[in-house]
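To start, the structure under review is shown below, and the notes come after it.
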Amino acid sequence: MMTNKLMEVPAPAISARRQARRDLVAALPWLLPALTLIVTIVLFPAGYLVWTSTRDVSVVGVDRGPAGFDNYVTLFDSPALGRVLLNTAIWVVGVVVVTLLVSMALAQFLDKAFPGRRLVRLAVIVPWAASVVMTATVFYYGLDPYYGVMNQFLVDVGILDTGFGFTRQPVPAFLVAMGVAVFVSLPFTTYTILAGLQMVPREVVEAASVDGAGPVRTYWSVIFPVLRPAIAVAVLINIINVFNSLPILRTLTGSIPGYDADTTTTLIFKYIQQDRQVETASALSVVNFVIVLAVIGIYLRVVRPMRDE
Amino acid sequence: MKRFVRSWAAVAVAGLTLTGCGFGGGDGQSEGGSTLSFLVPSYSDGTKSLWEGIIADFETAHSDVNVELEIQSWDNINDVVRTKVQSNAAPDILNIDAFSGFAADDLLYPADEVVSANTVADFQQSFADNASIDGTMYGLPLIASARTMFYNTELLERAGVAAPPKTWDQLLDAAKKVAGLGDGVYGYGMPLGSEEAQGETSIWTFGNGGSWTNGSTIAVNTPANLEAVTFMKRMIDEKATQPDPGASDRTPMLDVFIQGKIGMVVALPPTVGQIAEKNPSLKYASAPIPTRDGQPMTLGVADHLMAFKNKGDKQEAVKTFLDYVFSAPVYTKFVDTEGFLPTTKSGAAALAGKKEIASFLEVLPSARFYPSTNPQWATTQGAMQSLMGQIGQGKEPRAVLDEIQAKANG
């Protein structure tokens with residue numbers, strides 16, 4: 001996006017093209033390290049991924065030759081795929097929407113001046129600073145039906161008679177995982193929106209109130225349009241992060257049999273580690289990549305979050 | 001995208017490191033000696049120092065051979081090995097459970113080319129057979145494990161169960177009585193989570209005379225297996241097991257037994273040490289695993305050492321090292337320290353008096369093994385790990401077995 005914008009900048013008329021080429025050559029030695037890095041750790045592995053998805057690889061890793069699209073056929077024949085795709089949609093939409101709504105409220109709250117605001121702002125960062133695996137593990141053990149503190153608490157206050165296996169059945173475990181995903185996504189989203197809020201000119205808000213606009217009207221007509229780019233960035237990054245998120249689901253739903261609590265990302269790892277099918281996993285990774293590109297494309301086209309007002 | 005980039009970066013770095021290792025091995029060669037890469041899983045916290053000690057002693061005696069040890073966790077070792085094989089950098093010697101996939105791809109030396117005839121002759125016959133494909137032995141059985149039932153004597157007594165159950169019907173009855181005590185106490189611990197669902201299921205199907213193969217092909221949905229799995233579901237439905245067995249892994253479930261909240265479980269040799277460490281006051285005893293008609297049966301598991309051909313220039317060095325590892329004093333110390341069961345005749349004789357493993361050595365003759373020589377077994381096992389627990393979530397046994405069979409067929 002950035003590069004597109006840069007390239008759209010109209011060049012001065014005088015032999016601009018030759019000048020640009022000369023600049024590029026001059027810049028090359030400085031760009032080389034970055035380019036090498038991109039080629040070796042992004043482009044080459046991505047290419048290797050696509051290559052592997054068209055090979056017949058044995059369970060121990062020996063390449064037995066080309067397989068055409070057989071791996072994709074195997075993948076799309078899998079009876080679990082429908083449910084997994086549905087789960088993925090619920091997972092991404094649910095987590096991103098809830099995170100956004102809670103963050104908008106939280107950011108609004110943190111933007112007000114009140115005693116101890118600094119401490120509250122710090123507290124909001126904590127889930128961000130902690131490792132995701134650690135946070136998910138804390139919830140996993142806390143919700144354990146035999147010795148989990150959260151279960152014990154629910155029993156002690158009389159809500160439950162005995163511990164409930166929150167992480168033992170697909171649907172409750174998936175919901176718990178979504179809750180944890182919202183919890184760890186909040187800090188980044190809140191802070192992005194908070195940064196956006198700081199850019200709302202005080203005079204404009206005052207003017208709105210002088211004109212007789214209530215708080216709701218002020219928010220949607222004055223503040224929200226200014227927040228638009230911040231929200232766009234937050235949503236985009238959240239979509240990508242949540243879609244590719246592995247540790248939360250793996251920790252919380254990893255011991256559940258079957259594929260009822262899997263997203264495409266966790267299914268990739270089940271293909272690798274349990275079925276030992278690297279080639280099918282590669283095919284699914286390629287599909288995953290295409291899906292994420294498509295989702296972002298649709299988001300940018302339909303919502304047009306970046307358009308200038 | 002971030003995860004995508006990061007994981008591929010890791011792969012790329014691993015790839016570069018591996019190539020580096022390959023060159024390093026070549027350098028060792030040019031100095032006149034051999035460098036062997038040796039990849040092992042971590043059995044316990046002491047595994048690393050145990051191997052390091054063995055290697056140091058070996059290198060003192062054989063200055064021309066250099067052994068480079070690499071330790072991986074059980075969670076990772078399969079991925080690590082596959083990545084190495086894929087990038088043509090397989091270790092010279094590997095310690096892992098199954099060898100058939102490597103043998104099927106013709107990557108391994110036959111056993112008699114990498115150990116002396118004396119060493120081969122020292123393996124107990126059942127383990128040697130279990131390490132052979134079509135009469136050729138590829139794996140060198142390193143350690144064995146068997147299962148037996150542990151029961152909480154206090155709970156069984158309180159529930160009015162006079163003797164530990166021998167048959168399934170007695171087990172169901174005893175488990176229901178223990179569960180009837182209430183107060184968060186469960187009858188039988190059935191771990192069908194992804195950690196080891198294939199182990200628990202095999203205990204039941206083998207206990208019904210079932211098998212996972214039909215000669216050369218994997219056969220999961222046979223009548224004998226279906227009958228066994230149906231009885232497992234009956235145990236679950238009649239609340240004779242802990243809740244949600246489909247998502248219970250063995251390790252955390254054994255902790256619940258060690259806390260004294262489960263009446264009966266099928267346990268492994270290291271469980272003895274875990275009880276001594278975590279809850280020495282637990283009152284328990286062991287008994288043979290109940291089977292449908294009371295015939296003795298246990299699930300045996302053997303892990304193997306295997307030697308990769310790679311460039312084919314290190315066979316002599318590999319042979320020197322492996323013969324050293326399997327020499328009686330070195331081998332006995334290794335098995336004894338790790339707390340497993342020996343696979344060699346000399347090791348069994350040396351450890352016959354060790355009381356922690358006595359109850360397991362007793363049941364070893366009736367051991368049944370996974371069909372790990374079948375190249376499709378790895379896939380079948382993975383399918384069982386991810387799918388078998390569904391019987392604990394209301395799915396019909398027949399449908400689950402059919403689903404696993406379909407995965408096994410590929």
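Letters A, B, ... mark the chains of the structure tokens in the order given; residue numbers begin at 1 per chain; ligand numbers begin at 1, in order shown.
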Residue hits in chain A, query chain B, radius 7 Å, only C-alpha atoms, as a PyMOL selection string: chain A and resi 41-42+45+59-63+168+240+244+255-258+274-276
At a cut-off of 10 Å, using only C-alpha atoms, what residues contact B:Phe58? Leave out same-chain residues fewer than 5 positions from it and give the result as a ChimeraX atom specification. /B:52-53,63,65-67,320-321,324-325,330
Requested write-out: N, CA, C and O atoms of the selected residues, as an mmCIF file, in the first residue's frame:
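Once written, selection_32.cif looks like this:
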```
data_model
loop_
_atom_site.group_PDB
_atom_site.id
_atom_site.type_symbol
_atom_site.label_atom_id
_atom_site.label_comp_id
_atom_site.auth_asym_id
_atom_site.auth_seq_id
_atom_site.Cartn_x
_atom_site.Cartn_y
_atom_site.Cartn_z
ATOM 1 N N GLU B 52 26.011 -38.228 27.868
ATOM 2 C CA GLU B 52 27.303 -37.534 27.825
ATOM 3 C C GLU B 52 28.380 -38.354 28.529
ATOM 4 O O GLU B 52 29.511 -38.455 28.053
ATOM 5 N N GLY B 53 27.970 -38.985 29.659
ATOM 6 C CA GLY B 53 28.920 -39.830 30.384
ATOM 7 C C GLY B 53 29.356 -41.018 29.544
ATOM 8 O O GLY B 53 30.550 -41.343 29.434
ATOM 9 N N SER B 63 39.863 -42.961 20.455
ATOM 10 C CA SER B 63 40.151 -41.563 20.158
ATOM 11 C C SER B 63 39.876 -41.213 18.695
ATOM 12 O O SER B 63 39.789 -40.048 18.340
ATOM 13 N N VAL B 65 37.127 -41.919 17.033
ATOM 14 C CA VAL B 65 35.710 -41.672 16.771
ATOM 15 C C VAL B 65 35.201 -40.592 17.704
ATOM 16 O O VAL B 65 35.431 -40.630 18.901
ATOM 17 N N ASN B 66 34.501 -39.636 17.089
ATOM 18 C CA ASN B 66 33.984 -38.503 17.828
ATOM 19 C C ASN B 66 32.455 -38.554 17.727
ATOM 20 O O ASN B 66 31.924 -38.651 16.634
ATOM 21 N N VAL B 67 31.740 -38.538 18.858
ATOM 22 C CA VAL B 67 30.276 -38.617 18.813
ATOM 23 C C VAL B 67 29.681 -37.279 19.198
ATOM 24 O O VAL B 67 29.966 -36.749 20.266
ATOM 25 N N THR B 320 31.539 -49.672 16.037
ATOM 26 C CA THR B 320 32.318 -49.586 17.273
ATOM 27 C C THR B 320 31.481 -48.974 18.385
ATOM 28 O O THR B 320 31.449 -49.464 19.510
ATOM 29 N N PHE B 321 30.777 -47.881 18.040
ATOM 30 C CA PHE B 321 30.014 -47.180 19.072
ATOM 31 C C PHE B 321 28.828 -48.016 19.561
ATOM 32 O O PHE B 321 28.598 -48.148 20.765
ATOM 33 N N TYR B 324 29.704 -50.783 21.783
ATOM 34 C CA TYR B 324 30.050 -50.272 23.104
ATOM 35 C C TYR B 324 28.782 -49.996 23.925
ATOM 36 O O TYR B 324 28.676 -50.378 25.083
ATOM 37 N N VAL B 325 27.781 -49.348 23.276
ATOM 38 C CA VAL B 325 26.542 -49.012 23.990
ATOM 39 C C VAL B 325 25.850 -50.274 24.505
ATOM 40 O O VAL B 325 25.322 -50.294 25.611
ATOM 41 N N VAL B 330 27.654 -51.036 30.301
ATOM 42 C CA VAL B 330 27.172 -49.743 29.830
ATOM 43 C C VAL B 330 25.657 -49.780 29.669
ATOM 44 O O VAL B 330 24.922 -48.911 30.152
#
```
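When the distance limit is 12 Å and only C-alpha atoms are what count, the residues near A:Phe269, minus those fewer than 6 positions from it on the same chain, are Asn244, Ser245, Leu246, Pro247, Leu249, Arg250, Gly254, Tyr259, Asp262, Thr263, Asp275, Arg276, Gln277, Val278, Glu279, Thr280, Ala281, Ser282, Leu284 and Ser285 of chain A; Ser7, Asp79, Gly382 and Ser386 of chain B.
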Take the residues that were just selected and, keeping N, CA, C and O atoms, output them as an mmCIF file, in the first residue's frame.
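File selection.cif, as written:
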```
data_model
loop_
_atom_site.group_PDB
_atom_site.id
_atom_site.type_symbol
_atom_site.label_atom_id
_atom_site.label_comp_id
_atom_site.auth_asym_id
_atom_site.auth_seq_id
_atom_site.Cartn_x
_atom_site.Cartn_y
_atom_site.Cartn_z
ATOM 1 N N ASN A 244 -3.984 -16.400 11.969
ATOM 2 C CA ASN A 244 -2.803 -17.265 12.042
ATOM 3 C C ASN A 244 -2.464 -17.701 13.459
ATOM 4 O O ASN A 244 -1.444 -18.340 13.683
ATOM 5 N N SER A 245 -3.319 -17.362 14.414
ATOM 6 C CA SER A 245 -2.978 -17.657 15.806
ATOM 7 C C SER A 245 -3.000 -19.157 16.065
ATOM 8 O O SER A 245 -3.974 -19.842 15.802
ATOM 9 N N LEU A 246 -1.912 -19.668 16.593
ATOM 10 C CA LEU A 246 -1.817 -21.098 16.900
ATOM 11 C C LEU A 246 -1.814 -21.374 18.402
ATOM 12 O O LEU A 246 -2.544 -22.242 18.868
ATOM 13 N N PRO A 247 -1.003 -20.647 19.209
ATOM 14 C CA PRO A 247 -0.752 -21.105 20.583
ATOM 15 C C PRO A 247 -1.997 -21.207 21.456
ATOM 16 O O PRO A 247 -2.117 -22.143 22.233
ATOM 17 N N LEU A 249 -5.271 -21.788 20.734
ATOM 18 C CA LEU A 249 -6.096 -22.945 20.440
ATOM 19 C C LEU A 249 -5.348 -24.234 20.739
ATOM 20 O O LEU A 249 -5.911 -25.201 21.232
ATOM 21 N N ARG A 250 -4.056 -24.232 20.449
ATOM 22 C CA ARG A 250 -3.291 -25.454 20.670
ATOM 23 C C ARG A 250 -3.219 -25.796 22.158
ATOM 24 O O ARG A 250 -3.336 -26.947 22.549
ATOM 25 N N GLY A 254 -6.030 -28.412 22.334
ATOM 26 C CA GLY A 254 -5.147 -29.396 21.717
ATOM 27 C C GLY A 254 -5.449 -30.837 22.110
ATOM 28 O O GLY A 254 -5.234 -31.756 21.327
ATOM 29 N N TYR A 259 -11.868 -32.913 15.051
ATOM 30 C CA TYR A 259 -11.495 -31.620 14.489
ATOM 31 C C TYR A 259 -12.555 -30.554 14.750
ATOM 32 O O TYR A 259 -12.582 -29.537 14.083
ATOM 33 N N ASP A 262 -11.037 -27.080 15.730
ATOM 34 C CA ASP A 262 -9.842 -26.667 14.990
ATOM 35 C C ASP A 262 -10.136 -25.547 14.017
ATOM 36 O O ASP A 262 -11.222 -25.481 13.446
ATOM 37 N N THR A 263 -9.140 -24.684 13.811
ATOM 38 C CA THR A 263 -9.188 -23.754 12.694
ATOM 39 C C THR A 263 -8.194 -24.272 11.662
ATOM 40 O O THR A 263 -7.470 -25.236 11.927
ATOM 41 N N ASP A 275 -0.669 -36.679 11.669
ATOM 42 C CA ASP A 275 -0.797 -37.502 10.461
ATOM 43 C C ASP A 275 0.533 -37.632 9.728
ATOM 44 O O ASP A 275 0.658 -38.421 8.810
ATOM 45 N N ARG A 276 1.531 -36.843 10.116
ATOM 46 C CA ARG A 276 2.853 -36.846 9.480
ATOM 47 C C ARG A 276 2.757 -36.637 7.975
ATOM 48 O O ARG A 276 3.411 -37.301 7.198
ATOM 49 N N GLN A 277 1.877 -35.733 7.570
ATOM 50 C CA GLN A 277 1.738 -35.458 6.138
ATOM 51 C C GLN A 277 2.171 -34.027 5.864
ATOM 52 O O GLN A 277 1.341 -33.132 5.799
ATOM 53 N N VAL A 278 3.476 -33.830 5.693
ATOM 54 C CA VAL A 278 3.969 -32.479 5.434
ATOM 55 C C VAL A 278 3.380 -31.923 4.158
ATOM 56 O O VAL A 278 3.119 -30.730 4.053
ATOM 57 N N GLU A 279 3.182 -32.823 3.161
ATOM 58 C CA GLU A 279 2.738 -32.301 1.868
ATOM 59 C C GLU A 279 1.299 -31.798 1.954
ATOM 60 O O GLU A 279 0.975 -30.748 1.414
ATOM 61 N N THR A 280 0.421 -32.517 2.686
ATOM 62 C CA THR A 280 -0.954 -32.033 2.841
ATOM 63 C C THR A 280 -0.960 -30.753 3.667
ATOM 64 O O THR A 280 -1.702 -29.811 3.374
ATOM 65 N N ALA A 281 -0.108 -30.726 4.689
ATOM 66 C CA ALA A 281 -0.007 -29.518 5.512
ATOM 67 C C ALA A 281 0.438 -28.336 4.657
ATOM 68 O O ALA A 281 -0.075 -27.221 4.808
ATOM 69 N N SER A 282 1.382 -28.562 3.740
ATOM 70 C CA SER A 282 1.838 -27.489 2.858
ATOM 71 C C SER A 282 0.701 -27.006 1.979
ATOM 72 O O SER A 282 0.529 -25.797 1.771
ATOM 73 N N LEU A 284 -2.444 -27.110 2.644
ATOM 74 C CA LEU A 284 -3.358 -26.315 3.463
ATOM 75 C C LEU A 284 -2.762 -24.946 3.778
ATOM 76 O O LEU A 284 -3.482 -23.947 3.822
ATOM 77 N N SER A 285 -1.436 -24.890 3.958
ATOM 78 C CA SER A 285 -0.801 -23.597 4.210
ATOM 79 C C SER A 285 -0.979 -22.666 3.024
ATOM 80 O O SER A 285 -1.225 -21.466 3.195
ATOM 81 N N SER B 7 7.877 -18.681 11.270
ATOM 82 C CA SER B 7 8.104 -20.118 11.271
ATOM 83 C C SER B 7 8.984 -20.517 10.088
ATOM 84 O O SER B 7 9.827 -21.388 10.191
ATOM 85 N N ASP B 79 9.483 -34.162 14.169
ATOM 86 C CA ASP B 79 9.607 -33.049 13.222
ATOM 87 C C ASP B 79 11.070 -32.797 12.873
ATOM 88 O O ASP B 79 11.418 -32.549 11.720
ATOM 89 N N GLY B 382 -1.278 -41.762 14.626
ATOM 90 C CA GLY B 382 -1.644 -40.348 14.682
ATOM 91 C C GLY B 382 -3.154 -40.168 14.601
ATOM 92 O O GLY B 382 -3.738 -39.375 15.336
ATOM 93 N N SER B 386 -5.719 -38.477 17.419
ATOM 94 C CA SER B 386 -6.577 -37.311 17.240
ATOM 95 C C SER B 386 -8.053 -37.677 17.180
ATOM 96 O O SER B 386 -8.889 -36.802 17.349
#
```
Excluding B:Phe369 and its own-chain neighbours fewer than 2 positions away, which residues fall within 8 Å of it when counting only C-alpha atoms? Please give them as a PyMOL selection string. chain B and resi 130+299-301+367+371-372
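Relative to atom CA of A:Leu160, atom CA of B:Gly187 is found at 21.7 Å.
Within 10 Å of B:Ala267, once only C-alpha atoms are used and residues closer than 5 positions along the same chain are dropped, the contacting residues are B:Ala146, B:Arg147, B:Thr148, B:Met149, B:Phe150, B:Tyr151, B:Arg250, B:Thr251, B:Leu254, B:Phe257, B:Val272, B:Ser286, B:Ile289, B:Phe360.
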Identify, on the basis of only C-alpha atoms, every residue whose closest approach to stretch 289-292 of chain A does not exceed 12 Å; exclude the query and any residue fewer than 6 positions from it along the same chain; express the result as a list in words. Ala46, Leu49, Val50, Leu85, Thr88, Ala89, Val92, Leu236, Ile237, Asn238, Ile239, Ile240, Asn241, Val242, Phe243, Asn244, Thr264, Thr265, Ile268, Ser282, Ala283, Ile298 and Tyr299 of chain A; Met1, Lys2, Arg3, Phe4 and Val5 of chain B
Store the residues picked out above in a file with C-alpha atoms, as an mmCIF file, in the first residue's frame.
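The new file part-v7.cif reads:
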```cif
data_model
loop_
_atom_site.group_PDB
_atom_site.id
_atom_site.type_symbol
_atom_site.label_atom_id
_atom_site.label_comp_id
_atom_site.auth_asym_id
_atom_site.auth_seq_id
_atom_site.Cartn_x
_atom_site.Cartn_y
_atom_site.Cartn_z
ATOM 1 C CA ALA A 46 7.229 -19.382 0.524
ATOM 2 C CA LEU A 49 6.138 -24.260 0.605
ATOM 3 C CA VAL A 50 4.307 -24.162 -2.713
ATOM 4 C CA LEU A 85 -13.518 -23.565 7.714
ATOM 5 C CA THR A 88 -12.110 -20.378 11.252
ATOM 6 C CA ALA A 89 -14.742 -17.871 10.133
ATOM 7 C CA VAL A 92 -11.749 -14.573 13.121
ATOM 8 C CA LEU A 236 -6.298 -5.431 9.519
ATOM 9 C CA ILE A 237 -3.511 -6.472 11.845
ATOM 10 C CA ASN A 238 -5.951 -8.278 14.116
ATOM 11 C CA ILE A 239 -7.457 -10.228 11.231
ATOM 12 C CA ILE A 240 -4.021 -11.483 10.185
ATOM 13 C CA ASN A 241 -2.883 -12.209 13.729
ATOM 14 C CA VAL A 242 -6.063 -13.950 14.831
ATOM 15 C CA PHE A 243 -6.334 -15.948 11.633
ATOM 16 C CA ASN A 244 -2.803 -17.265 12.042
ATOM 17 C CA THR A 264 -7.226 -24.115 9.466
ATOM 18 C CA THR A 265 -4.046 -23.047 11.279
ATOM 19 C CA ILE A 268 -1.996 -27.597 9.556
ATOM 20 C CA SER A 282 1.838 -27.489 2.858
ATOM 21 C CA ALA A 283 -1.207 -27.589 0.599
ATOM 22 C CA ILE A 298 -12.495 -7.981 0.434
ATOM 23 C CA TYR A 299 -12.140 -5.956 3.621
ATOM 24 C CA MET B 1 1.761 -13.221 8.191
ATOM 25 C CA LYS B 2 4.031 -12.664 11.120
ATOM 26 C CA ARG B 3 3.739 -16.246 12.253
ATOM 27 C CA PHE B 4 4.113 -17.409 8.696
ATOM 28 C CA VAL B 5 7.314 -15.459 8.212
#
```
Let me make sure I understand: among B:Tyr138, B:Trp168, B:Trp74, B:Phe127, which one has the smallest atom-to-atom distance to B:Leu108 if we use only C-alpha atoms? B:Tyr138
Quick one: pick out all strand (DSSP E or B) residues within stretch 316-407 of chain B from a backbone DSSP run and write them as a ChimeraX atom specification. /B:341,344,367-369
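For the choices A:Tyr271, A:Trp91, A:Trp220, A:Trp51, the atom-to-atom distance to A:Leu175 is smallest for A:Trp91 when using only C-alpha atoms.
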Residues near stretch 179-196 of chain A, anyone? I mean within 8 Å using only C-alpha atoms, not counting same-chain ones fewer than 3 positions away, as an mmCIF file with N, CA and C atoms, in the first residue's frame.
```cif
data_model
loop_
_atom_site.group_PDB
_atom_site.id
_atom_site.type_symbol
_atom_site.label_atom_id
_atom_site.label_comp_id
_atom_site.auth_asym_id
_atom_site.auth_seq_id
_atom_site.Cartn_x
_atom_site.Cartn_y
_atom_site.Cartn_z
ATOM 1 N N VAL A 95 -13.647 -12.991 17.260
ATOM 2 C CA VAL A 95 -12.579 -12.392 18.065
ATOM 3 C C VAL A 95 -12.334 -10.943 17.652
ATOM 4 N N VAL A 96 -12.285 -10.694 16.337
ATOM 5 C CA VAL A 96 -11.952 -9.343 15.889
ATOM 6 C C VAL A 96 -13.067 -8.359 16.253
ATOM 7 N N VAL A 98 -15.463 -8.572 18.665
ATOM 8 C CA VAL A 98 -15.555 -8.340 20.111
ATOM 9 C C VAL A 98 -14.368 -7.503 20.586
ATOM 10 N N THR A 99 -13.164 -7.847 20.094
ATOM 11 C CA THR A 99 -11.981 -7.077 20.490
ATOM 12 C C THR A 99 -12.161 -5.606 20.139
ATOM 13 N N LEU A 100 -12.665 -5.341 18.930
ATOM 14 C CA LEU A 100 -12.801 -3.965 18.479
ATOM 15 C C LEU A 100 -13.790 -3.194 19.353
ATOM 16 N N VAL A 102 -14.854 -3.829 22.462
ATOM 17 C CA VAL A 102 -14.353 -3.626 23.822
ATOM 18 C C VAL A 102 -13.241 -2.581 23.811
ATOM 19 N N SER A 103 -12.371 -2.646 22.788
ATOM 20 C CA SER A 103 -11.246 -1.705 22.743
ATOM 21 C C SER A 103 -11.723 -0.275 22.552
ATOM 22 N N MET A 104 -12.780 -0.092 21.719
ATOM 23 C CA MET A 104 -13.276 1.266 21.495
ATOM 24 C C MET A 104 -13.773 1.854 22.817
ATOM 25 N N LEU A 106 -12.850 0.826 25.889
ATOM 26 C CA LEU A 106 -11.705 0.972 26.791
ATOM 27 C C LEU A 106 -10.892 2.222 26.450
ATOM 28 N N ALA A 107 -10.669 2.437 25.159
ATOM 29 C CA ALA A 107 -9.855 3.572 24.733
ATOM 30 C C ALA A 107 -10.529 4.870 25.130
ATOM 31 N N GLN A 108 -11.848 4.924 24.963
ATOM 32 C CA GLN A 108 -12.613 6.105 25.338
ATOM 33 C C GLN A 108 -12.424 6.398 26.826
ATOM 34 N N LEU A 110 -9.895 5.341 28.765
ATOM 35 C CA LEU A 110 -8.512 5.685 29.099
ATOM 36 C C LEU A 110 -8.127 7.078 28.600
ATOM 37 N N ASP A 111 -8.950 7.643 27.694
ATOM 38 C CA ASP A 111 -8.651 8.959 27.155
ATOM 39 C C ASP A 111 -9.053 10.048 28.149
ATOM 40 N N VAL A 124 -3.506 -2.363 31.370
ATOM 41 C CA VAL A 124 -4.061 -2.829 30.096
ATOM 42 C C VAL A 124 -2.968 -3.462 29.224
ATOM 43 N N ILE A 125 -1.724 -3.034 29.425
ATOM 44 C CA ILE A 125 -0.632 -3.581 28.593
ATOM 45 C C ILE A 125 -0.244 -4.989 29.025
ATOM 46 N N VAL A 126 -0.530 -5.344 30.295
ATOM 47 C CA VAL A 126 -0.005 -6.599 30.825
ATOM 48 C C VAL A 126 -0.263 -7.830 29.930
ATOM 49 N N PRO A 127 -1.512 -8.052 29.478
ATOM 50 C CA PRO A 127 -1.714 -9.249 28.649
ATOM 51 C C PRO A 127 -0.844 -9.249 27.397
ATOM 52 N N TRP A 128 -0.442 -8.049 26.980
ATOM 53 C CA TRP A 128 0.387 -7.918 25.781
ATOM 54 C C TRP A 128 1.812 -8.343 26.102
ATOM 55 N N VAL A 132 1.913 -15.378 25.060
ATOM 56 C CA VAL A 132 0.568 -15.888 24.777
ATOM 57 C C VAL A 132 0.429 -17.324 25.274
ATOM 58 N N THR A 135 -0.165 -17.161 28.989
ATOM 59 C CA THR A 135 -1.525 -16.760 29.326
ATOM 60 C C THR A 135 -2.501 -17.911 29.085
ATOM 61 N N ALA A 136 -2.382 -18.555 27.924
ATOM 62 C CA ALA A 136 -3.299 -19.643 27.599
ATOM 63 C C ALA A 136 -3.131 -20.799 28.589
ATOM 64 N N PHE A 139 -4.929 -20.110 31.835
ATOM 65 C CA PHE A 139 -6.357 -20.396 31.721
ATOM 66 C C PHE A 139 -6.615 -21.900 31.683
ATOM 67 N N LEU A 175 -15.030 -21.603 22.835
ATOM 68 C CA LEU A 175 -15.470 -20.302 23.343
ATOM 69 C C LEU A 175 -14.449 -19.732 24.330
ATOM 70 N N VAL A 176 -13.912 -20.599 25.210
ATOM 71 C CA VAL A 176 -12.889 -20.148 26.151
ATOM 72 C C VAL A 176 -11.689 -19.604 25.369
ATOM 73 N N MET A 199 -5.628 12.343 18.474
ATOM 74 C CA MET A 199 -5.554 13.221 17.305
ATOM 75 C C MET A 199 -6.846 13.994 17.085
ATOM 76 N N VAL A 200 -7.889 13.700 17.891
ATOM 77 C CA VAL A 200 -9.146 14.433 17.720
ATOM 78 C C VAL A 200 -8.965 15.829 18.315
ATOM 79 N N VAL A 226 -12.495 10.565 12.631
ATOM 80 C CA VAL A 226 -11.062 10.780 12.846
ATOM 81 C C VAL A 226 -10.375 9.454 13.199
ATOM 82 N N LEU A 227 -11.127 8.572 13.904
ATOM 83 C CA LEU A 227 -10.558 7.295 14.327
ATOM 84 C C LEU A 227 -10.427 6.290 13.197
ATOM 85 N N PRO A 229 -8.842 5.700 10.332
ATOM 86 C CA PRO A 229 -7.584 5.043 9.925
ATOM 87 C C PRO A 229 -7.005 4.166 11.039
ATOM 88 N N ALA A 230 -7.100 4.627 12.293
ATOM 89 C CA ALA A 230 -6.569 3.841 13.401
ATOM 90 C C ALA A 230 -7.310 2.508 13.502
ATOM 91 N N ILE A 231 -8.635 2.573 13.394
ATOM 92 C CA ILE A 231 -9.435 1.343 13.475
ATOM 93 C C ILE A 231 -9.104 0.430 12.296
ATOM 94 N N ALA A 234 -5.907 -1.335 13.072
ATOM 95 C CA ALA A 234 -6.110 -2.303 14.144
ATOM 96 C C ALA A 234 -6.841 -3.536 13.623
ATOM 97 N N VAL A 235 -7.883 -3.335 12.829
ATOM 98 C CA VAL A 235 -8.673 -4.470 12.334
ATOM 99 C C VAL A 235 -7.833 -5.329 11.391
ATOM 100 N N ASN A 238 -5.274 -7.259 13.320
ATOM 101 C CA ASN A 238 -5.951 -8.278 14.116
ATOM 102 C C ASN A 238 -6.434 -9.445 13.265
ATOM 103 N N VAL A 242 -5.093 -12.996 14.289
ATOM 104 C CA VAL A 242 -6.063 -13.950 14.831
ATOM 105 C C VAL A 242 -6.197 -15.143 13.894
ATOM 106 N N ILE A 248 -2.927 -20.263 21.327
ATOM 107 C CA ILE A 248 -4.085 -20.280 22.225
ATOM 108 C C ILE A 248 -4.909 -21.540 21.992
#
```
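With distances restricted to only C-alpha atoms, B:Gly215 is the closest residue to B:Asp134 from B:Pro290, B:Gly207, B:Pro164, B:Gly215.
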According to DSSP computed on the backbone, where in stretch 13-247 of chain A is there helix (DSSP H, G or I)? Give the residues as a ChimeraX atom specification. /A:16-52,70-77,81-111,117-129,132-142,149-156,170-197,202-210,215-243,247
Pairwise distance for atom CA of A:Thr54 and atom CA of A:Val73, rounded to one decimal in Å: 10.9 Å
